[in-house]
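J.: Have a look at this one before I ask anything.
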2 protein chains.
Amino acid sequence: MSAEKERQMRIEALKKIREQEEEARKRLSQIKYKIAVLSGKGGVGKSLVTANLAATLAKKGYEVGILDADVHGPSIPKMFGVHGQVIYAGPAGLMPLVGVGNVKIVSSDLMVPSEETALVWRGPLKTSFIRELLSMVAWGPLDFLLVDLPPGTGDEPLTIAQLIKDLSGAIVVTTPSDLTRIVVKKAISFCQEVKMPLLGVVTNMAYFVCPVCGTKHYIFGKGGAEKLSEEMNVKILAEIPLDPRINEAVDGGVPFVIAYPDAEATKAFEVLADSVISMLEKKNGESQDTSSAGEQ
Amino acid sequence: MSAEKERQMRIEALKKIREQEEEARKRLSQIKYKIAVLSGKGGVGKSLVTANLAATLAKKGYEVGILDADVHGPSIPKMFGVHGQVIYAGPAGLMPLVGVGNVKIVSSDLMVPSEETALVWRGPLKTSFIRELLSMVAWGPLDFLLVDLPPGTGDEPLTIAQLIKDLSGAIVVTTPSDLTRIVVKKAISFCQEVKMPLLGVVTNMAYFVCPVCGTKHYIFGKGGAEKLSEEMNVKILAEIPLDPRINEAVDGGVPFVIAYPDAEATKAFEVLADSVISMLEKKNGESQDTSSAGEQ
């Protein structure tokens, strides 16, 4: 290929990226609050927290969507009973699937034939896939879009987080045993790097209440939340207890908070949702005050 | 630099690698059984299982070492109370630290000043670091060397696993909620790819016995072990229960099986150690039979 032809092709590719970014900006502007959910490492239940926070917000009457950007092990569709279904393209763009509890879902799992396929993707391919998704999905007007980022604080979650313009805030999910560890601190400084306002930390698997005798057990440790909160000046948004029915709900395809509306974990998700709503509305109020003040 | 000089430098580098490999082979030949510990993903307690299996084997009177090759979050030194200490070089080579319970330990954490430093390493650097370690550590004669690999089934654990010649076998650590999932199946086929004989799977966080009322709770699900065992023809080596004291032990710098010799989890680690010993000795016996049969 001649140098000139190569240059032309690069320009075309860049142009396409710009167009996609512009399209994504337009589509995302219809969404009031965009929240990134991240974790310092895998295995802490990030997707589970995303799914149940979304379902709790939807129960409160909000319009909610989830972008499952955790292309490694997309588990969101399964949790909402839409695993195996495929997203189709309508005149307005790609139509999200609507999961149990009226949550709109877009996931790489809904685009590729099998779970195995998703695993072999390389970094750049994932990024361009998410960029394309953002430019093509017809979410329609939403109150909340939760973006389930890949675990860790490496290049991949960083790149994906940067693709989503005007993020309202980020939530870091962790467990008590990691709470005060370097992985969580890295996730917190990650938010500062990407200039995502950190809403706070959710402690998953916080404790277990024996359903037989009612005793509370801190299986993965206790007291880390207060320590982290002091050290890093971070808000602990909620402590989600362990419950054997949480895993059952995942397999059953119904979000836990819908399947077990009276469970203690469900109440914890309500605490989380209320914290998130009030923090975002307060911030939104402040920024509107500022902008109207600026207009005077 | 001239092309000839560059060629010379590459030859020198390759020669150094060969020499290191030869040195590593010599040193590792003094170790009877070399076992790789891996997991399909992070957060399943791989390092915890490695540490407590090592301590259990040492309690039985074996000479045991751990190579902490999980350079992302080296936690082995902390579990054995040698975190913060630094490895020094003696006339025979690098001297492993001796942790609580008489387990010899080598970890990247013992070589670099802070935890943060380890996190920024790139793939090739990690590989050459492990190769160098293998060529330099004076383990002396050991019965068992456990190699704690980085989580996942990507390039990194693969490369490190390939650096260790004559691996006796591999153990895959998982939790009940992941037991039948694609991550574990990937880890199992990973062993086949690298031609590591798979000893079997350890289910960590298998269940929780309420210390107040004695009820057994399968917090992360139940029945997956049997299903996986059937589907993949894999042995379940042990089921390690949850215990709040496990995390306390990690912070206390004493392996759980030493701190709590009568705990149910300690008994589970004994089951694991006995399975591993009998499988390896049986295999060893078979291969000696074969070789002596060949000599006749």
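By order in the structure tokens, chains are A, B, ...; within a chain, residues start at 1; ligands start at 1, following the order shown.
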Identify all chain A residues at most 7 Å from chain B by counting only C-alpha atoms; ligands do not count. Present them as a list in words.

T.: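 For chain A, the answer reads Lys41, Gly42, Gly43, Val44, Ser177, Cys210, Cys213, Tyr218, Ile219, Phe220, Gly221, Asp243, Pro244 and Asn247 of chain A.
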
J.: Would you write out those residues with all heavy atoms, as an mmCIF file, in the first residue's frame?

T.:
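As written to disk, result11.cif reads:
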```cif
data_model
loop_
_atom_site.group_PDB
_atom_site.id
_atom_site.type_symbol
_atom_site.label_atom_id
_atom_site.label_comp_id
_atom_site.auth_asym_id
_atom_site.auth_seq_id
_atom_site.Cartn_x
_atom_site.Cartn_y
_atom_site.Cartn_z
ATOM 1 N N LYS A 41 -10.681 -5.310 41.982
ATOM 2 C CA LYS A 41 -10.342 -6.611 41.408
ATOM 3 C C LYS A 41 -11.606 -7.423 41.188
ATOM 4 O O LYS A 41 -12.699 -6.993 41.573
ATOM 5 C CB LYS A 41 -9.354 -7.355 42.312
ATOM 6 C CG LYS A 41 -9.873 -7.652 43.700
ATOM 7 C CD LYS A 41 -8.972 -8.631 44.409
ATOM 8 C CE LYS A 41 -9.748 -9.367 45.473
ATOM 9 N NZ LYS A 41 -9.066 -10.480 46.062
ATOM 10 N N GLY A 42 -11.464 -8.575 40.551
ATOM 11 C CA GLY A 42 -12.616 -9.416 40.263
ATOM 12 C C GLY A 42 -13.108 -10.156 41.497
ATOM 13 O O GLY A 42 -12.442 -10.173 42.530
ATOM 14 N N GLY A 43 -14.272 -10.761 41.367
ATOM 15 C CA GLY A 43 -14.754 -11.637 42.433
ATOM 16 C C GLY A 43 -15.417 -10.952 43.611
ATOM 17 O O GLY A 43 -15.666 -11.581 44.625
ATOM 18 N N VAL A 44 -15.709 -9.651 43.491
ATOM 19 C CA VAL A 44 -16.313 -8.950 44.626
ATOM 20 C C VAL A 44 -17.825 -8.767 44.461
ATOM 21 O O VAL A 44 -18.497 -8.265 45.361
ATOM 22 C CB VAL A 44 -15.656 -7.569 44.872
ATOM 23 C CG1 VAL A 44 -14.172 -7.733 45.169
ATOM 24 C CG2 VAL A 44 -15.870 -6.635 43.698
ATOM 25 N N SER A 177 -12.849 -7.946 53.164
ATOM 26 C CA SER A 177 -11.455 -8.375 53.252
ATOM 27 C C SER A 177 -10.530 -7.531 52.376
ATOM 28 O O SER A 177 -9.325 -7.503 52.595
ATOM 29 C CB SER A 177 -11.302 -9.858 52.919
ATOM 30 O OG SER A 177 -12.175 -10.256 51.919
ATOM 31 N N CYS A 210 -27.384 -15.488 60.418
ATOM 32 C CA CYS A 210 -27.826 -16.882 60.394
ATOM 33 C C CYS A 210 -29.359 -16.919 60.393
ATOM 34 O O CYS A 210 -29.980 -16.388 61.320
ATOM 35 C CB CYS A 210 -27.276 -17.642 61.605
ATOM 36 S SG CYS A 210 -27.902 -19.349 61.692
ATOM 37 N N CYS A 213 -30.647 -18.875 63.798
ATOM 38 C CA CYS A 213 -30.574 -18.311 65.150
ATOM 39 C C CYS A 213 -30.468 -16.785 65.167
ATOM 40 O O CYS A 213 -30.502 -16.177 66.231
ATOM 41 C CB CYS A 213 -29.416 -18.937 65.934
ATOM 42 S SG CYS A 213 -27.785 -18.431 65.340
ATOM 43 N N TYR A 218 -19.508 -11.561 60.848
ATOM 44 C CA TYR A 218 -18.704 -10.796 59.897
ATOM 45 C C TYR A 218 -17.690 -11.753 59.282
ATOM 46 O O TYR A 218 -16.517 -11.767 59.669
ATOM 47 C CB TYR A 218 -18.052 -9.606 60.594
ATOM 48 C CG TYR A 218 -19.068 -8.568 61.001
ATOM 49 C CD1 TYR A 218 -19.696 -8.625 62.242
ATOM 50 C CD2 TYR A 218 -19.445 -7.565 60.116
ATOM 51 C CE1 TYR A 218 -20.657 -7.683 62.599
ATOM 52 C CE2 TYR A 218 -20.403 -6.622 60.467
ATOM 53 C CZ TYR A 218 -21.003 -6.695 61.712
ATOM 54 O OH TYR A 218 -21.961 -5.771 62.056
ATOM 55 N N ILE A 219 -18.148 -12.547 58.313
ATOM 56 C CA ILE A 219 -17.334 -13.650 57.789
ATOM 57 C C ILE A 219 -16.041 -13.148 57.137
ATOM 58 O O ILE A 219 -15.003 -13.779 57.243
ATOM 59 C CB ILE A 219 -18.163 -14.500 56.797
ATOM 60 C CG1 ILE A 219 -19.322 -15.168 57.549
ATOM 61 C CG2 ILE A 219 -17.291 -15.547 56.108
ATOM 62 C CD1 ILE A 219 -20.162 -16.114 56.734
ATOM 63 N N PHE A 220 -16.114 -12.019 56.453
ATOM 64 C CA PHE A 220 -14.911 -11.517 55.768
ATOM 65 C C PHE A 220 -14.258 -10.340 56.501
ATOM 66 O O PHE A 220 -13.510 -9.573 55.904
ATOM 67 C CB PHE A 220 -15.236 -11.141 54.320
ATOM 68 C CG PHE A 220 -15.587 -12.336 53.471
ATOM 69 C CD1 PHE A 220 -16.866 -12.492 52.949
ATOM 70 C CD2 PHE A 220 -14.645 -13.314 53.209
ATOM 71 C CE1 PHE A 220 -17.190 -13.594 52.171
ATOM 72 C CE2 PHE A 220 -14.959 -14.423 52.430
ATOM 73 C CZ PHE A 220 -16.237 -14.561 51.918
ATOM 74 N N GLY A 221 -14.563 -10.199 57.777
ATOM 75 C CA GLY A 221 -13.913 -9.149 58.562
ATOM 76 C C GLY A 221 -14.833 -7.980 58.850
ATOM 77 O O GLY A 221 -15.899 -7.842 58.246
ATOM 78 N N ASP A 243 -26.247 -13.630 51.497
ATOM 79 C CA ASP A 243 -27.519 -14.349 51.568
ATOM 80 C C ASP A 243 -27.454 -15.479 50.546
ATOM 81 O O ASP A 243 -27.219 -15.221 49.365
ATOM 82 C CB ASP A 243 -28.674 -13.392 51.243
ATOM 83 C CG ASP A 243 -30.033 -14.019 51.508
ATOM 84 O OD1 ASP A 243 -30.217 -15.220 51.219
ATOM 85 O OD2 ASP A 243 -30.916 -13.305 52.015
ATOM 86 N N PRO A 244 -27.646 -16.736 50.981
ATOM 87 C CA PRO A 244 -27.558 -17.853 50.033
ATOM 88 C C PRO A 244 -28.516 -17.693 48.856
ATOM 89 O O PRO A 244 -28.265 -18.203 47.777
ATOM 90 C CB PRO A 244 -27.969 -19.069 50.880
ATOM 91 C CG PRO A 244 -27.785 -18.661 52.303
ATOM 92 C CD PRO A 244 -27.954 -17.175 52.346
ATOM 93 N N ASN A 247 -27.284 -16.067 45.180
ATOM 94 C CA ASN A 247 -26.809 -16.894 44.074
ATOM 95 C C ASN A 247 -27.932 -17.633 43.371
ATOM 96 O O ASN A 247 -27.916 -17.805 42.166
ATOM 97 C CB ASN A 247 -25.758 -17.884 44.553
ATOM 98 C CG ASN A 247 -24.409 -17.219 44.645
ATOM 99 O OD1 ASN A 247 -23.781 -16.950 43.637
ATOM 100 N ND2 ASN A 247 -24.002 -16.882 45.851
#
```

J.: Just want the 12 Å neighbourhood of B:Val234, counted on only C-alpha atoms, with same-chain residues fewer than 3 positions away dropped. Output as a ChimeraX atom specification.

T.: /B:170-172,179-180,184-185,187-189,191,197-202,225-231,237

J.: Go ahead and dump the residues you just picked, N, CA and C atoms, as a PDB file, in the first residue's frame.

T.:
```
ATOM      1  N   ALA B 170      -1.217 -29.667  38.991  1.00  0.00           N
ATOM      2  CA  ALA B 170      -1.831 -28.370  39.230  1.00  0.00           C
ATOM      3  C   ALA B 170      -3.104 -28.535  40.043  1.00  0.00           C
ATOM      4  N   ILE B 171      -3.387 -27.512  40.835  1.00  0.00           N
ATOM      5  CA  ILE B 171      -4.624 -27.450  41.609  1.00  0.00           C
ATOM      6  C   ILE B 171      -5.374 -26.205  41.164  1.00  0.00           C
ATOM      7  N   VAL B 172      -6.659 -26.351  40.898  1.00  0.00           N
ATOM      8  CA  VAL B 172      -7.476 -25.201  40.525  1.00  0.00           C
ATOM      9  C   VAL B 172      -8.343 -24.819  41.720  1.00  0.00           C
ATOM     10  N   LEU B 179     -18.172 -22.557  40.367  1.00  0.00           N
ATOM     11  CA  LEU B 179     -17.710 -23.927  40.204  1.00  0.00           C
ATOM     12  C   LEU B 179     -18.039 -24.516  38.841  1.00  0.00           C
ATOM     13  N   THR B 180     -19.232 -24.259  38.366  1.00  0.00           N
ATOM     14  CA  THR B 180     -19.632 -24.896  37.117  1.00  0.00           C
ATOM     15  C   THR B 180     -19.515 -23.913  35.960  1.00  0.00           C
ATOM     16  N   VAL B 184     -13.878 -21.848  35.364  1.00  0.00           N
ATOM     17  CA  VAL B 184     -13.230 -23.043  35.894  1.00  0.00           C
ATOM     18  C   VAL B 184     -12.914 -24.013  34.763  1.00  0.00           C
ATOM     19  N   LYS B 185     -13.838 -24.120  33.838  1.00  0.00           N
ATOM     20  CA  LYS B 185     -13.602 -25.010  32.698  1.00  0.00           C
ATOM     21  C   LYS B 185     -12.395 -24.536  31.888  1.00  0.00           C
ATOM     22  N   ALA B 187      -9.864 -22.924  33.139  1.00  0.00           N
ATOM     23  CA  ALA B 187      -8.671 -23.249  33.931  1.00  0.00           C
ATOM     24  C   ALA B 187      -8.299 -24.715  33.746  1.00  0.00           C
ATOM     25  N   ILE B 188      -9.308 -25.566  33.636  1.00  0.00           N
ATOM     26  CA  ILE B 188      -9.045 -26.990  33.451  1.00  0.00           C
ATOM     27  C   ILE B 188      -8.441 -27.261  32.068  1.00  0.00           C
ATOM     28  N   SER B 189      -8.988 -26.612  31.047  1.00  0.00           N
ATOM     29  CA  SER B 189      -8.408 -26.838  29.714  1.00  0.00           C
ATOM     30  C   SER B 189      -7.044 -26.165  29.587  1.00  0.00           C
ATOM     31  N   CYS B 191      -4.791 -26.315  31.874  1.00  0.00           N
ATOM     32  CA  CYS B 191      -3.848 -27.336  32.337  1.00  0.00           C
ATOM     33  C   CYS B 191      -3.513 -28.307  31.212  1.00  0.00           C
ATOM     34  N   PRO B 197      -0.409 -32.005  34.579  1.00  0.00           N
ATOM     35  CA  PRO B 197      -1.401 -32.948  35.074  1.00  0.00           C
ATOM     36  C   PRO B 197      -2.274 -32.278  36.145  1.00  0.00           C
ATOM     37  N   LEU B 198      -3.573 -32.279  35.943  1.00  0.00           N
ATOM     38  CA  LEU B 198      -4.480 -31.636  36.896  1.00  0.00           C
ATOM     39  C   LEU B 198      -4.763 -32.577  38.052  1.00  0.00           C
ATOM     40  N   LEU B 199      -4.374 -32.171  39.260  1.00  0.00           N
ATOM     41  CA  LEU B 199      -4.676 -33.008  40.418  1.00  0.00           C
ATOM     42  C   LEU B 199      -6.156 -32.923  40.761  1.00  0.00           C
ATOM     43  N   GLY B 200      -6.703 -31.743  40.681  1.00  0.00           N
ATOM     44  CA  GLY B 200      -8.118 -31.592  40.955  1.00  0.00           C
ATOM     45  C   GLY B 200      -8.474 -30.169  41.345  1.00  0.00           C
ATOM     46  N   VAL B 201      -9.711 -30.019  41.810  1.00  0.00           N
ATOM     47  CA  VAL B 201     -10.268 -28.702  42.113  1.00  0.00           C
ATOM     48  C   VAL B 201     -10.504 -28.579  43.619  1.00  0.00           C
ATOM     49  N   VAL B 202     -10.195 -27.412  44.174  1.00  0.00           N
ATOM     50  CA  VAL B 202     -10.506 -27.118  45.570  1.00  0.00           C
ATOM     51  C   VAL B 202     -11.636 -26.097  45.596  1.00  0.00           C
ATOM     52  N   ALA B 225     -20.095 -28.950  42.832  1.00  0.00           N
ATOM     53  CA  ALA B 225     -18.930 -29.830  42.817  1.00  0.00           C
ATOM     54  C   ALA B 225     -19.247 -31.144  42.098  1.00  0.00           C
ATOM     55  N   GLU B 226     -20.358 -31.754  42.486  1.00  0.00           N
ATOM     56  CA  GLU B 226     -20.739 -33.032  41.871  1.00  0.00           C
ATOM     57  C   GLU B 226     -20.948 -32.845  40.369  1.00  0.00           C
ATOM     58  N   LYS B 227     -21.618 -31.751  40.020  1.00  0.00           N
ATOM     59  CA  LYS B 227     -21.940 -31.485  38.615  1.00  0.00           C
ATOM     60  C   LYS B 227     -20.654 -31.321  37.790  1.00  0.00           C
ATOM     61  N   LEU B 228     -19.732 -30.512  38.306  1.00  0.00           N
ATOM     62  CA  LEU B 228     -18.466 -30.280  37.600  1.00  0.00           C
ATOM     63  C   LEU B 228     -17.675 -31.577  37.490  1.00  0.00           C
ATOM     64  N   SER B 229     -17.632 -32.310  38.602  1.00  0.00           N
ATOM     65  CA  SER B 229     -16.895 -33.558  38.664  1.00  0.00           C
ATOM     66  C   SER B 229     -17.371 -34.511  37.576  1.00  0.00           C
ATOM     67  N   GLU B 230     -18.683 -34.579  37.401  1.00  0.00           N
ATOM     68  CA  GLU B 230     -19.262 -35.446  36.359  1.00  0.00           C
ATOM     69  C   GLU B 230     -18.965 -34.925  34.963  1.00  0.00           C
ATOM     70  N   GLU B 231     -19.248 -33.630  34.774  1.00  0.00           N
ATOM     71  CA  GLU B 231     -19.133 -33.035  33.432  1.00  0.00           C
ATOM     72  C   GLU B 231     -17.710 -33.065  32.897  1.00  0.00           C
ATOM     73  N   LEU B 237     -10.890 -32.087  45.290  1.00  0.00           N
ATOM     74  CA  LEU B 237      -9.907 -32.492  46.306  1.00  0.00           C
ATOM     75  C   LEU B 237     -10.355 -32.163  47.724  1.00  0.00           C
TER      76      LEU B 237
END
```

J.: If you run DSSP on the backbone here, which positions in stretch 61-261 of chain B get alpha helix (DSSP H)? Please write them as an MDAnalysis selection string.

T.: chainID B and resid 76:79 115:119 123:136 155:163 182:193 224:232 244:252 256:259

J.: Tell me which of A:Ser128, A:Ser29, A:Gln288, A:Thr174 sits closest to A:Leu145, counting only C-alpha atoms.

T.: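 Nearest candidate to A:Leu145 out of A:Ser128, A:Ser29, A:Gln288, A:Thr174: A:Ser29.
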
J.: Please identify all polymer residues within 8 Å of A:Arg131, counting only C-alpha atoms, omitting same-chain residues fewer than 5 positions from it, and present them as a PyMOL selection string.

T.: chain A and resi 20-21+24+163

J.: At what distance in Å, to one decimal, does atom CA of B:Ser168 lie from atom CA of B:Met196?

T.: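 Interatomic distance, atom CA of B:Met196 to atom CA of B:Ser168: 7.4 Å.
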
J.: I need the residues in stretch 133-203 of chain A that are strand (DSSP E or B) according to DSSP; give them as a ChimeraX atom specification.

T.: /A:137,142-148,169-174,198-203

J.: Could you give me, as a PyMOL selection string, the residues within 9 Å of B:Leu53, counting only C-alpha atoms and dropping anything in the same chain fewer than 5 positions from it?

T.: chain B and resi 48+58+146+257+269-270+272-273

J.: Keeping only C-alpha atoms, write those residues as a short mmCIF file (atom, residue, chain, number, x, y, z; two decimals), in the first residue's frame.

T.:
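The resulting file, selection_14.cif, is shown below:
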```
data_model
loop_
_atom_site.label_atom_id
_atom_site.label_comp_id
_atom_site.auth_asym_id
_atom_site.auth_seq_id
_atom_site.Cartn_x
_atom_site.Cartn_y
_atom_site.Cartn_z
CA LEU B 48 -5.04 -18.41 51.02
CA ALA B 58 4.90 -28.55 56.72
CA LEU B 146 3.83 -24.62 45.64
CA VAL B 257 -4.21 -24.09 60.07
CA PHE B 269 -6.94 -28.55 54.52
CA GLU B 270 -5.74 -31.86 55.95
CA LEU B 272 -6.58 -31.59 50.76
CA ALA B 273 -2.98 -32.26 51.80
#
```

J.: Report, in Å to a single decimal, how far apart atom CA of A:Val49 and atom CA of A:Gly81 are.

T.: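 So the two atoms, atom CA of A:Gly81 and atom CA of A:Val49, lie 16.2 Å apart.
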
J.: Name all residues at most 6 Å from A:Asp148 (count only C-alpha atoms; drop same-chain ones fewer than 5 positions away) and give them as a list in words.

T.: Val37, Asp68, Ala69 and Asp70 of chain A

J.: Give me the residues within 7 Å of B:Ala54 as a list of chain:residue names, counting only C-alpha atoms and dropping any in the same chain fewer than 4 places off.

T.: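 Once the adjacent positions are removed, what remains is B:Thr50, B:Ala58, B:Val64, B:Val103.
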
J.: Okay, now the selection with all heavy atoms, as a compact mmCIF listing (two decimals), in the first residue's frame?

T.:
```txt
# COMPACT_ATOMS: atom_id res chain seq x y z
N THR B 50 -3.17 -21.76 48.89
CA THR B 50 -1.75 -22.09 48.74
C THR B 50 -1.05 -22.06 50.10
O THR B 50 -0.35 -23.00 50.48
CB THR B 50 -1.06 -21.07 47.81
OG1 THR B 50 -1.79 -20.99 46.59
CG2 THR B 50 0.37 -21.48 47.51
N ALA B 58 3.76 -28.77 55.83
CA ALA B 58 4.90 -28.55 56.72
C ALA B 58 4.63 -29.13 58.11
O ALA B 58 5.53 -29.69 58.75
CB ALA B 58 5.22 -27.05 56.81
N VAL B 64 8.79 -27.64 52.82
CA VAL B 64 7.86 -27.00 51.89
C VAL B 64 8.31 -25.57 51.55
O VAL B 64 8.78 -24.84 52.43
CB VAL B 64 6.43 -26.95 52.49
CG1 VAL B 64 5.44 -26.39 51.48
CG2 VAL B 64 5.99 -28.32 52.96
N VAL B 103 7.79 -22.67 56.63
CA VAL B 103 7.59 -22.70 55.18
C VAL B 103 8.52 -21.67 54.55
O VAL B 103 8.58 -20.52 54.99
CB VAL B 103 6.11 -22.39 54.82
CG1 VAL B 103 5.93 -22.25 53.32
CG2 VAL B 103 5.19 -23.47 55.38
```

J.: Name the closest residue to B:Ser275 among the candidates B:Leu57, B:Lys46, B:Thr153, B:Glu193; distances are taken between atoms, counting only C-alpha atoms.

T.: B:Leu57

J.: Find the distance between atom CA of A:Ser47 and atom CA of A:Lys60 and write it in Å to one decimal.

T.: 20.1 Å

J.: Using only C-alpha atoms, pick whichever of B:Asp143, B:Glu19, B:Asp109, B:Glu281 has the shortest atom-to-atom distance to B:Ile31.

T.: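 Once distances to B:Ile31 are computed over only C-alpha atoms, the minimum belongs to B:Asp143.
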
J.: Any idea what's packed within 12 Å of B:Gly101, counting only C-alpha atoms, ignoring anything in its chain fewer than 4 positions away? Could you give it as a ChimeraX atom specification?

T.: /B:51-65,79-82,97,105,253-259

J.: Measuring atom to atom with only C-alpha atoms, identify which of A:Gly90, A:Lys32, A:Met95, A:Pro261 is nearest to A:Asn284.

T.: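 Ranked by minimum distance to A:Asn284, first place goes to A:Lys32.
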